[in-house]
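Raw contents of start04.txt, compact mmCIF, C-alpha atoms and all ligand atoms:
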```txt
# COMPACT_ATOMS: atom_id res chain seq x y z
CA MET T 228 51.30 30.06 -8.13
CA MET T 229 52.14 33.51 -9.51
CA ILE T 230 50.39 34.49 -12.68
CA THR T 231 52.19 37.20 -14.61
CA ARG T 232 50.19 39.56 -16.71
CA SER T 233 51.35 42.45 -18.83
CA ARG T 234 50.23 46.06 -18.86
CA LYS T 235 49.75 45.56 -22.57
CA GLY T 236 46.86 43.23 -21.73
CA LEU T 237 45.12 46.10 -19.98
CA THR T 238 45.76 48.42 -22.93
CA ASP T 239 44.28 45.83 -25.26
CA LEU T 240 41.28 45.62 -23.02
CA ALA T 241 40.68 49.36 -23.23
CA THR T 242 41.04 49.18 -27.01
CA LYS T 243 38.63 46.30 -27.19
CA GLN T 244 36.07 47.95 -24.94
CA SER T 245 36.10 51.07 -27.10
CA HIS T 246 35.91 48.83 -30.18
CA GLU T 247 32.86 47.16 -28.68
CA ARG T 248 31.17 50.46 -27.97
CA LYS T 249 31.74 51.54 -31.57
CA ALA T 250 31.60 48.32 -33.53
CA GLY T 251 29.51 45.82 -31.58
CA PRO T 252 30.47 42.23 -30.67
CA LEU T 253 33.87 41.05 -29.51
CA PRO T 254 36.22 39.64 -32.14
CA SER T 255 37.44 36.05 -31.69
CA PRO T 256 40.70 35.56 -29.81
CA LYS T 257 43.87 35.73 -31.92
CA TYR T 258 47.32 34.28 -31.34
CA HIS T 259 49.86 36.27 -29.30
CA ALA T 260 53.19 34.64 -28.49
CA GLY T 261 53.39 33.84 -24.78
CA ARG T 262 49.74 34.65 -24.27
CA ILE T 263 47.07 32.01 -24.26
CA SER T 264 45.00 31.86 -27.41
CA GLU T 265 43.13 29.38 -29.50
CA VAL T 266 43.92 28.52 -33.10
CA ALA T 267 41.46 27.26 -35.66
CA GLN T 268 44.06 25.13 -37.43
CA HIS T 269 47.19 23.66 -35.90
CA LYS T 270 50.39 24.98 -37.43
CA ASP T 271 52.70 22.16 -38.49
CA GLU T 272 56.27 21.74 -37.29
CA VAL T 273 57.65 24.86 -35.60
CA LYS T 274 61.30 25.22 -36.58
CA SER T 275 63.23 25.31 -33.33
CA PRO T 276 66.84 26.53 -33.08
CA THR T 277 67.84 22.89 -32.48
CA MET T 278 66.32 21.83 -35.77
CA LYS T 279 68.19 24.59 -37.61
CA THR T 280 71.48 23.41 -36.07
CA GLU T 281 70.80 19.83 -37.08
CA ALA T 282 70.07 20.94 -40.65
CA ARG T 283 73.50 22.55 -40.83
CA VAL T 284 75.10 19.31 -39.68
CA VAL T 285 73.36 17.37 -42.44
CA SER T 286 74.69 19.70 -45.10
CA ASN T 287 78.25 19.54 -43.67
CA THR T 288 78.00 15.80 -43.66
CA THR T 289 76.94 15.71 -47.29
CA ARG T 290 79.85 17.93 -48.29
CA ILE T 291 82.61 15.95 -46.59
CA LYS T 292 81.50 12.45 -47.41
CA PRO T 293 81.49 11.73 -51.19
CA ALA T 294 84.58 9.49 -51.19
CA THR T 295 83.19 7.49 -48.30
CA VAL T 296 79.86 6.99 -50.06
CA LEU T 297 81.62 5.19 -52.91
CA SER T 298 83.51 2.79 -50.69
CA GLU T 299 80.77 2.00 -48.13
CA SER T 300 77.31 0.57 -48.31
CA LEU T 301 74.44 3.07 -48.25
CA ASP T 302 73.28 1.56 -44.97
CA SER T 303 76.51 2.21 -43.15
CA VAL T 304 76.73 5.78 -44.48
CA LEU T 305 73.17 6.42 -43.32
CA SER T 306 74.04 4.91 -40.00
CA LYS T 307 77.01 7.25 -39.51
CA ASN T 308 74.96 10.24 -40.61
CA PHE T 309 72.28 9.27 -38.08
CA CYS T 310 74.99 9.20 -35.42
CA GLN T 311 76.17 12.64 -36.43
CA LEU T 312 72.66 13.99 -36.14
CA THR T 313 72.44 12.80 -32.57
CA LEU T 314 75.93 13.61 -31.28
CA GLY T 315 77.23 16.66 -29.45
CA GLU T 316 79.76 19.07 -31.03
CA ARG T 317 82.84 17.31 -29.60
CA ASN T 318 81.83 13.99 -31.10
CA ARG T 319 80.88 15.46 -34.46
CA SER T 320 84.43 16.76 -34.78
CA GLU T 321 85.74 13.34 -33.77
CA ILE T 322 83.82 11.86 -36.66
CA ARG T 323 85.06 14.52 -39.09
CA THR T 324 88.67 13.92 -38.07
CA GLY T 325 88.30 10.18 -38.51
CA LYS T 326 88.38 9.28 -34.81
CA VAL T 327 84.94 7.76 -35.18
CA ASN T 328 86.54 4.38 -35.76
CA GLN T 329 87.79 4.49 -32.19
CA LYS T 330 84.26 3.48 -31.13
CA VAL T 331 82.51 6.51 -29.64
CA ASP T 332 79.84 5.30 -27.20
CA ILE T 333 76.86 6.85 -28.90
CA THR T 334 74.33 5.49 -26.43
CA ALA T 335 76.04 7.34 -23.60
CA ILE T 336 75.37 10.66 -25.36
CA HIS T 337 72.02 10.17 -26.96
CA PRO T 338 70.35 6.77 -27.18
CA PRO T 339 69.71 5.47 -30.69
CA TYR T 340 65.94 5.22 -30.84
CA SER T 341 65.55 2.89 -33.75
CA THR T 342 66.23 -0.76 -33.12
CA ARG T 343 65.81 -1.70 -36.77
CA ARG T 344 67.33 1.15 -38.75
CA GLY T 345 64.88 3.22 -40.74
CA HIS T 346 61.64 1.65 -39.48
CA SER T 347 58.82 3.61 -37.89
CA LEU T 348 58.56 3.23 -34.16
CA CYS T 349 55.62 1.45 -32.52
CA LEU T 350 54.28 1.12 -28.98
CA GLU T 351 56.45 -1.96 -28.36
CA ASP T 352 59.57 0.09 -29.17
CA ILE T 353 58.56 2.80 -26.70
CA VAL T 354 57.95 0.15 -24.03
CA GLY T 355 61.37 -1.32 -24.82
CA PHE T 356 63.09 2.06 -24.42
CA ILE T 357 61.41 2.62 -21.04
CA LYS T 358 62.20 -0.90 -19.81
CA GLN T 359 65.81 -0.64 -20.92
CA LYS T 360 66.03 2.74 -19.14
CA ARG T 361 67.00 4.50 -22.35
CA THR T 362 64.38 7.12 -21.61
CA LYS T 363 65.01 8.80 -18.28
CA ASN T 364 63.74 12.29 -19.08
CA ILE T 365 60.13 11.77 -20.03
CA ILE T 366 57.89 14.79 -20.55
CA VAL T 367 54.13 14.36 -20.35
CA MET T 368 51.88 16.93 -22.03
CA ALA T 369 48.28 16.61 -20.91
CA GLY T 370 44.87 18.15 -21.41
CA ALA T 371 41.28 17.87 -20.32
CA GLY T 372 40.98 14.32 -21.77
CA ILE T 373 42.97 12.89 -18.85
CA SER T 374 40.26 14.03 -16.43
CA THR T 375 37.13 12.92 -18.28
CA ALA T 376 37.38 9.55 -16.50
CA SER T 377 37.18 11.52 -13.23
CA GLY T 378 33.86 12.98 -14.36
CA ILE T 379 35.08 16.40 -15.56
CA PRO T 380 33.97 17.22 -19.12
CA ASP T 381 36.62 18.42 -21.59
CA PHE T 382 36.14 21.32 -24.01
CA ARG T 383 35.63 19.74 -27.39
CA SER T 384 34.36 16.15 -27.14
CA PRO T 385 31.19 16.12 -29.25
CA GLY T 386 28.07 15.89 -27.07
CA THR T 387 29.81 15.73 -23.69
CA GLY T 388 32.36 18.60 -23.95
CA LEU T 389 31.72 21.96 -22.29
CA TYR T 390 31.52 23.67 -25.68
CA ALA T 391 28.56 21.50 -26.63
CA ASN T 392 26.74 22.34 -23.40
CA LEU T 393 27.08 26.05 -23.01
CA LYS T 394 23.51 27.18 -23.65
CA LYS T 395 22.84 27.80 -19.97
CA TYR T 396 25.74 30.28 -19.77
CA ASN T 397 24.23 32.69 -22.32
CA ILE T 398 27.49 33.58 -24.07
CA PRO T 399 28.06 34.76 -27.67
CA TYR T 400 30.72 32.11 -28.52
CA PRO T 401 32.12 29.17 -26.48
CA GLU T 402 35.58 30.64 -25.85
CA ALA T 403 33.98 33.75 -24.31
CA ILE T 404 33.65 31.89 -21.03
CA PHE T 405 37.46 31.91 -20.71
CA ASP T 406 38.06 35.26 -22.44
CA ILE T 407 39.49 37.89 -20.11
CA LYS T 408 37.90 40.72 -22.08
CA PHE T 409 34.49 39.12 -21.92
CA PHE T 410 35.03 38.37 -18.22
CA THR T 411 35.64 42.07 -17.55
CA CYS T 412 32.28 42.89 -19.12
CA ASP T 413 30.40 40.00 -17.56
CA PRO T 414 32.04 37.60 -15.08
CA ARG T 415 28.81 35.69 -14.32
CA PRO T 416 29.10 32.93 -16.97
CA PHE T 417 32.61 32.03 -15.77
CA PHE T 418 31.56 31.95 -12.11
CA LEU T 419 28.66 29.68 -13.00
CA LEU T 420 31.08 27.28 -14.69
CA ALA T 421 33.68 27.67 -11.91
CA LYS T 422 31.16 26.25 -9.44
CA GLU T 423 31.26 23.01 -11.45
CA LEU T 424 35.01 22.97 -12.05
CA TYR T 425 36.30 23.89 -8.58
CA PRO T 426 38.66 21.18 -7.31
CA GLY T 427 37.36 19.10 -4.43
CA LYS T 428 34.51 17.24 -6.07
CA HIS T 429 36.61 14.92 -8.22
CA LYS T 430 39.30 12.28 -7.72
CA PRO T 431 42.36 11.50 -9.84
CA ASN T 432 42.07 8.45 -12.07
CA TYR T 433 44.34 5.72 -13.46
CA VAL T 434 45.95 8.13 -15.95
CA HIS T 435 47.03 10.64 -13.27
CA TYR T 436 48.53 7.78 -11.24
CA PHE T 437 50.39 6.50 -14.29
CA VAL T 438 52.22 9.85 -14.45
CA ARG T 439 52.89 9.63 -10.71
CA MET T 440 54.33 6.15 -11.37
CA LEU T 441 56.72 7.62 -13.97
CA HIS T 442 57.86 10.00 -11.24
CA GLU T 443 58.23 7.21 -8.67
CA LYS T 444 60.41 5.32 -11.15
CA GLY T 445 62.64 8.40 -11.58
CA LEU T 446 61.67 8.75 -15.25
CA LEU T 447 59.57 11.92 -15.22
CA LEU T 448 61.38 15.10 -16.19
CA ARG T 449 58.19 17.18 -16.03
CA MET T 450 54.46 17.05 -16.57
CA TYR T 451 52.99 19.99 -18.49
CA THR T 452 49.26 20.10 -17.93
CA GLN T 453 46.64 22.47 -19.27
CA ASN T 454 44.20 21.29 -16.64
CA ILE T 455 43.01 23.46 -13.82
CA ASP T 456 41.43 20.72 -11.74
CA SER T 457 44.50 20.07 -9.51
CA LEU T 458 44.07 16.29 -9.93
CA GLU T 459 47.78 15.90 -10.71
CA THR T 460 48.66 17.33 -7.29
CA ILE T 461 46.02 15.21 -5.55
CA ALA T 462 47.54 12.14 -7.28
CA GLY T 463 50.85 13.00 -5.61
CA ILE T 464 52.86 14.47 -8.49
CA PRO T 465 55.16 16.87 -6.63
CA PRO T 466 55.06 20.60 -7.48
CA GLU T 467 58.62 20.62 -8.85
CA LYS T 468 57.63 17.99 -11.42
CA LEU T 469 54.50 19.84 -12.50
CA VAL T 470 53.83 22.83 -14.73
CA GLU T 471 50.22 23.97 -14.57
CA ALA T 472 50.44 25.85 -17.83
CA HIS T 473 46.95 27.34 -17.64
CA GLY T 474 47.08 28.21 -13.96
CA THR T 475 45.16 26.88 -11.02
CA PHE T 476 42.18 27.37 -8.74
CA SER T 477 44.44 27.12 -5.70
CA THR T 478 45.20 30.88 -5.69
CA ALA T 479 43.08 33.92 -6.59
CA SER T 480 43.70 37.58 -7.38
CA CYS T 481 42.07 40.75 -8.66
CA HIS T 482 41.97 40.62 -12.45
CA LEU T 483 42.62 44.38 -12.64
CA CYS T 484 45.30 45.21 -10.03
CA TYR T 485 46.49 41.60 -9.46
CA THR T 486 46.37 41.91 -5.68
CA MET T 487 46.25 38.44 -4.17
CA TYR T 488 42.98 37.39 -2.53
CA PRO T 489 42.54 34.47 -0.13
CA ALA T 490 41.65 31.52 -2.38
CA LYS T 491 39.41 29.89 0.23
CA GLU T 492 37.38 33.09 0.63
CA ALA T 493 37.05 33.45 -3.15
CA LYS T 494 35.85 29.85 -3.42
CA LYS T 495 33.30 30.34 -0.63
CA GLU T 496 31.87 33.45 -2.29
CA ILE T 497 31.80 31.93 -5.79
CA MET T 498 30.14 28.75 -4.51
CA SER T 499 27.44 30.80 -2.79
CA GLY T 500 26.74 32.74 -5.99
CA LYS T 501 28.52 35.97 -4.97
CA ILE T 502 31.16 37.84 -6.97
CA PRO T 503 34.37 38.32 -4.96
CA ARG T 504 35.67 41.92 -5.04
CA CYS T 505 39.21 43.21 -4.59
CA LYS T 506 39.71 44.94 -1.26
CA ILE T 507 42.00 47.52 -2.91
CA CYS T 508 40.33 48.52 -6.19
CA LEU T 509 36.97 46.71 -6.04
CA GLY T 510 37.84 44.89 -9.29
CA THR T 511 36.45 41.38 -9.78
CA VAL T 512 38.58 38.68 -8.17
CA LYS T 513 39.04 35.44 -10.10
CA PRO T 514 40.89 32.19 -9.45
CA ASP T 515 44.33 32.30 -11.11
CA VAL T 516 43.34 30.18 -14.09
CA VAL T 517 44.72 31.63 -17.31
CA PHE T 518 42.14 33.08 -19.68
CA PHE T 519 42.46 33.72 -23.42
CA GLY T 520 44.33 37.01 -23.71
CA GLU T 521 46.29 36.49 -20.48
CA GLU T 522 49.93 35.62 -20.11
CA LEU T 523 50.99 32.16 -19.02
CA PRO T 524 52.64 31.51 -15.65
CA GLU T 525 56.40 32.10 -15.70
CA ARG T 526 56.93 28.44 -14.92
CA PHE T 527 55.55 27.49 -18.32
CA PHE T 528 58.73 28.89 -19.88
CA LEU T 529 60.73 26.10 -18.23
CA HIS T 530 59.78 24.31 -21.43
CA SER T 531 62.61 25.98 -23.32
CA LYS T 532 65.12 24.02 -21.19
CA ASP T 533 63.06 20.91 -20.52
CA PHE T 534 62.07 20.07 -24.07
CA ALA T 535 65.69 20.16 -25.24
CA LYS T 536 66.50 17.56 -22.57
CA ALA T 537 63.53 15.26 -23.16
CA ASP T 538 64.15 11.74 -24.46
CA LEU T 539 60.47 10.75 -24.75
CA LEU T 540 57.35 12.89 -25.07
CA ILE T 541 53.96 11.48 -24.09
CA VAL T 542 50.97 13.54 -25.23
CA MET T 543 47.64 12.61 -23.64
CA GLY T 544 44.03 13.80 -23.77
CA THR T 545 44.50 17.11 -25.54
CA SER T 546 43.36 18.56 -28.84
CA LEU T 547 46.55 20.73 -28.92
CA GLN T 548 44.37 23.62 -30.06
CA ILE T 549 45.41 26.14 -27.45
CA GLU T 550 48.52 28.19 -28.09
CA PRO T 551 51.31 28.46 -27.17
CA PHE T 552 50.90 25.05 -25.44
CA GLY T 553 50.04 23.30 -28.72
CA SER T 554 53.27 24.28 -30.43
CA ILE T 555 55.86 23.34 -27.84
CA ILE T 556 55.35 19.72 -28.85
CA ASN T 557 57.54 20.53 -31.85
CA THR T 558 60.47 21.74 -29.76
CA VAL T 559 61.79 18.34 -28.66
CA ARG T 560 64.85 17.21 -30.62
CA PRO T 561 63.89 15.75 -33.99
CA THR T 562 65.02 12.22 -33.04
CA VAL T 563 62.97 12.07 -29.83
CA PRO T 564 59.99 9.66 -29.91
CA ARG T 565 56.57 11.25 -29.37
CA LEU T 566 53.69 9.07 -28.23
CA LEU T 567 50.11 10.29 -28.62
CA LEU T 568 47.44 8.63 -26.47
CA ASN T 569 44.10 10.13 -27.43
CA LYS T 570 40.68 9.47 -28.91
CA ASP T 571 41.61 11.21 -32.15
CA HIS T 572 44.62 12.40 -34.16
CA VAL T 573 45.68 15.89 -33.11
CA GLY T 574 48.37 18.45 -34.00
CA PRO T 575 51.33 17.00 -35.90
CA PHE T 576 49.92 13.48 -35.43
CA LYS T 577 47.24 14.36 -38.00
CA ARG T 578 49.75 14.01 -40.83
CA GLU T 579 49.06 11.13 -43.18
CA ALA T 580 52.70 10.11 -43.22
CA LEU T 581 53.71 10.20 -39.57
CA LYS T 582 57.27 11.06 -38.58
CA LYS T 583 59.10 7.77 -37.99
CA THR T 584 59.57 8.68 -34.33
CA ASP T 585 55.87 9.47 -33.79
CA VAL T 586 53.61 6.75 -32.38
CA VAL T 587 49.83 7.00 -32.09
CA GLU T 588 47.61 4.86 -29.88
CA LEU T 589 43.99 5.83 -30.47
CA GLY T 590 41.06 5.00 -28.19
CA ASP T 591 39.89 5.56 -24.67
CA LEU T 592 42.79 6.96 -22.66
CA THR T 593 42.32 4.80 -19.58
CA GLU T 594 42.31 1.69 -21.78
CA SER T 595 45.43 2.82 -23.69
CA VAL T 596 47.29 3.64 -20.49
CA LYS T 597 46.26 0.30 -18.95
CA LYS T 598 47.65 -1.44 -22.04
CA LEU T 599 50.93 0.50 -21.77
CA VAL T 600 51.19 -0.20 -18.04
CA SER T 601 50.61 -3.91 -18.53
CA MET T 602 53.24 -4.02 -21.32
CA LEU T 603 55.64 -2.33 -18.89
CA GLY T 604 54.74 -4.88 -16.19
CA TRP T 605 53.78 -2.11 -13.74
CA HIS T 606 50.15 -3.09 -13.23
CA ASP T 607 50.43 -4.37 -9.64
CA GLU T 608 52.67 -1.52 -8.51
CA LEU T 609 50.28 1.03 -9.98
CA LYS T 610 47.31 -0.63 -8.30
CA GLU T 611 49.13 -0.47 -4.99
CA LEU T 612 50.02 3.19 -5.55
CA MET T 613 46.36 4.02 -6.18
CA GLU T 614 45.18 2.10 -3.13
CA ASN T 615 47.66 3.77 -0.83
P1 LIG K 1 39.99 19.70 -25.48
O1 LIG K 1 40.18 20.66 -26.57
O2 LIG K 1 38.60 19.49 -25.00
O3 LIG K 1 40.60 18.31 -25.99
C1 LIG K 1 40.47 17.12 -25.25
C2 LIG K 1 41.04 15.99 -26.08
O4 LIG K 1 41.03 14.84 -25.28
C3 LIG K 1 40.25 15.69 -27.33
O5 LIG K 1 41.12 15.43 -28.40
C4 LIG K 1 39.44 14.45 -26.96
O6 LIG K 1 39.17 13.61 -28.06
C5 LIG K 1 40.39 13.79 -26.00
N1 LIG K 1 39.70 12.97 -25.01
C6 LIG K 1 38.70 13.33 -24.17
N2 LIG K 1 38.35 12.30 -23.40
C7 LIG K 1 39.14 11.26 -23.76
C8 LIG K 1 39.25 9.91 -23.33
N3 LIG K 1 38.49 9.42 -22.36
N4 LIG K 1 40.15 9.12 -23.94
C9 LIG K 1 40.95 9.59 -24.92
N5 LIG K 1 40.90 10.86 -25.37
C10 LIG K 1 40.01 11.68 -24.79
O7 LIG K 1 40.87 20.05 -24.22
P2 LIG K 1 42.39 20.53 -24.18
O8 LIG K 1 42.92 20.09 -22.89
O9 LIG K 1 43.13 20.22 -25.40
O10 LIG K 1 42.20 22.11 -24.15
C11 LIG K 1 42.87 22.85 -23.24
C12 LIG K 1 41.93 23.65 -22.34
C13 LIG K 1 40.87 22.82 -21.75
C14 LIG K 1 42.70 24.19 -21.21
O11 LIG K 1 42.72 25.57 -21.24
C15 LIG K 1 42.00 23.70 -19.94
O12 LIG K 1 42.04 24.63 -18.93
C16 LIG K 1 40.64 23.41 -20.39
N6 LIG K 1 39.85 22.49 -19.59
C17 LIG K 1 40.36 21.88 -18.50
C18 LIG K 1 39.59 21.00 -17.77
C19 LIG K 1 40.19 20.35 -16.55
O13 LIG K 1 40.97 20.98 -15.84
N7 LIG K 1 39.85 19.09 -16.26
C20 LIG K 1 38.29 20.71 -18.18
C21 LIG K 1 37.79 21.35 -19.33
C22 LIG K 1 38.58 22.23 -20.02
```
Would you write the structure of this file as structure tokens?
Ligand code: CNA
Amino acid sequence: MMITRSRKGLTDLATKQSHERKAGPLPSPKYHAGRISEVAQHKDEVKSPTMKTEARVVSNTTRIKPATVLSESLDSVLSKNFCQLTLGERNRSEIRTGKVNQKVDITAIHPPYSTRRGHSLCLEDIVGFIKQKRTKNIIVMAGAGISTASGIPDFRSPGTGLYANLKKYNIPYPEAIFDIKFFTCDPRPFFLLAKELYPGKHKPNYVHYFVRMLHEKGLLLRMYTQNIDSLETIAGIPPEKLVEAHGTFSTASCHLCYTMYPAKEAKKEIMSGKIPRCKICLGTVKPDVVFFGEELPERFFLHSKDFAKADLLIVMGTSLQIEPFGSIINTVRPTVPRLLLNKDHVGPFKREALKKTDVVELGDLTESVKKLVSMLGWHDELKELMEN
């Protein structure tokens, strides 16, 4: 996979190195749009262009409806307004011109997500939508928590996460291990960790195969993963259905001149404790995993099309703390259900009053996914998929 990086990154590096010479330790990573960074606090809803459009529709609706409000029950007015929020431009004008009574098939355009108007969705509703094939463009957003059952520690789980066990790497702050500027000064801590993380030692688990199952059923629009362990690919999720947002170990290149380097050779050298060097400029070669301060793979930007198409978003095993990944969750259409399967509340699911279309299932991920799979009646099929 190609990793794109900007010249600006190199300029920043020079600035930072001179800053270090003059002012001492490296500052913590800050947010740059399109470049990977970590945020201390998750920003709430990002206003997408779609949301702005919908807001305009609401105000139009309010202006043209007063007479109707008097003659109809509040419920039916709300119901029509809900329809307007979910319809395309052609159908909105049909409603305005009164053709709405000619029975527009709303479900054909955008399925109504609420079975009982106004109630908050729950896991049973989500299962119902999947079973009834109302959701055919599911996006899965995943993080390190989907691979803990395969024996790979995540970043932030207290006690077991990598951040809690970094003493042996001798680094000034946990994120330094994935900071491109720190890597340039001292690549050894990353290579030490890379020896543990390199794909090959671990196997995909139930959760990876659940996503594969979504694909087999023709329901997966795309899986966006932050993981670099390649377990999605090993589980059989095809490349066109996968966005490895934070890169991969399966290719390698010079971190200075970006010349490609044979990935197998890089792995061999890293595993034997050597530092691979670029044959052109002698810069340090690293696997193409995206570090803080680096740009994301071009493929990540597929999200601008995909998220507008999604009809269900499943978020699993991530703290949503890394940007810009953490924010794209807010770019699905406002009426689209979002299901969080995680140990703890994260991102917009931390709100006390959840959005009515947000559903949270807390607990161990494998257990939650098993529950979902058994509610869907896919247990035997999934078992077979894993065995084969
Ligand atoms: P994170 O910040 O460590 O968050 C993981 C989340 O998953 C937390 O909210 C945990 O509570 C939750 N979690 C962990 N285990 C379970 C479980 N068994 N059941 C339910 N929930 C669980 O990791 P993120 O993915 O959010 O951060 C993104 C980083 C992590 C990316 O840049 C990755 O490259 C990086 N990373 C990847 C791997 C990997 O490829 N397997 C491993 C470690 C770190």
- Task: Would you list the residues that come within 6 Å of ligand LIG 1 (chain K)? Count all atoms listed in the file and give the answer as a ChimeraX atom specification.
- Result: /T:370-372,374-376,379-384,453-456,473,544-549,569-571,590-592
- Extract, using only C-alpha atoms, all DNA, RNA and protein residues at most 12 Å from T:Leu469, discarding same-chain residues fewer than 6 positions from it, and format them as a count of residues only. 30
- Message: Would you compute the distance between atom CA of T:Lys597 and atom CA of T:Lys468? Give it in Å to one decimal.
- Response: 22.3 Å
- May I ask for the distance between atom CA of T:Asp413 and atom CA of T:Pro426, given in Å to one decimal place?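 So the two atoms, atom CA of T:Asp413 and atom CA of T:Pro426, lie 23.0 Å apart.
The gap separating atom CA of T:Lys583 from atom CA of T:His346 is 6.8 Å, in Å to one decimal.
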- Compile the contact shell of T:Arg504 as a list in words: residues with an atom at most 10 Å away, counting only C-alpha atoms, same-chain residues fewer than 4 positions apart removed. Ser480, Cys481, His482, Tyr488, Ala493, Glu496, Cys508, Leu509, Gly510, Thr511, Val512 and Lys513 of chain T
- Message: Given all atoms listed in the file as the basis, pick out the residue of T:Arg578, T:Leu589, T:Thr478, T:Gly355 nearest to T:Tyr425.
- Response: T:Thr478
- Query: Mind listing as a PyMOL selection string all residues within 12 Å of (46.8, 5.3, -27.5), counting all atoms listed in the file?
  - Reply: chain T and resi 349-350+434+541-544+565-572+576+585-600
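Among the candidates T:Tyr400, T:Phe418, T:Tyr390, T:Trp605, the residue lying nearest to T:Ile497 is T:Phe418 (atoms considered: only C-alpha atoms).
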- Item | Option closest in space to T:Pro416, from T:Pro575, T:Pro399, T:Gly386, T:Gly604 [counting all atoms listed in the file] | T:Pro399
- Query: For T:Ile365, which residue out of T:Lys430, T:Lys610, T:Lys444, T:Lys495 is the nearest one, using only C-alpha atoms?
  - Reply: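 Checking each of T:Lys430, T:Lys610, T:Lys444, T:Lys495 against T:Ile365, counting only C-alpha atoms, the winner is T:Lys444.
Closest approach to T:Leu348 among T:Pro466, T:Gly574, T:Pro564, T:Gly378: T:Pro564, based on all atoms listed in the file.
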- Which is closer to T:Phe528 than all the others in T:Ile502, T:Lys394, T:Leu446, T:Ala472, using all atoms listed in the file?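 The closest residue to T:Phe528 is T:Ala472.
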- Task: Pick out the residues sitting within 9 Å of T:Ala403, and hand them over as a list in words; count only C-alpha atoms, and ignore anything fewer than 2 positions along from it in its own chain.
- Result: Leu253, Ser255, Pro256, Ile398, Pro399, Tyr400, Pro401, Phe405, Asp406, Ile407, Lys408, Phe409, Phe410, Pro416, Phe417 and Phe519 of chain T
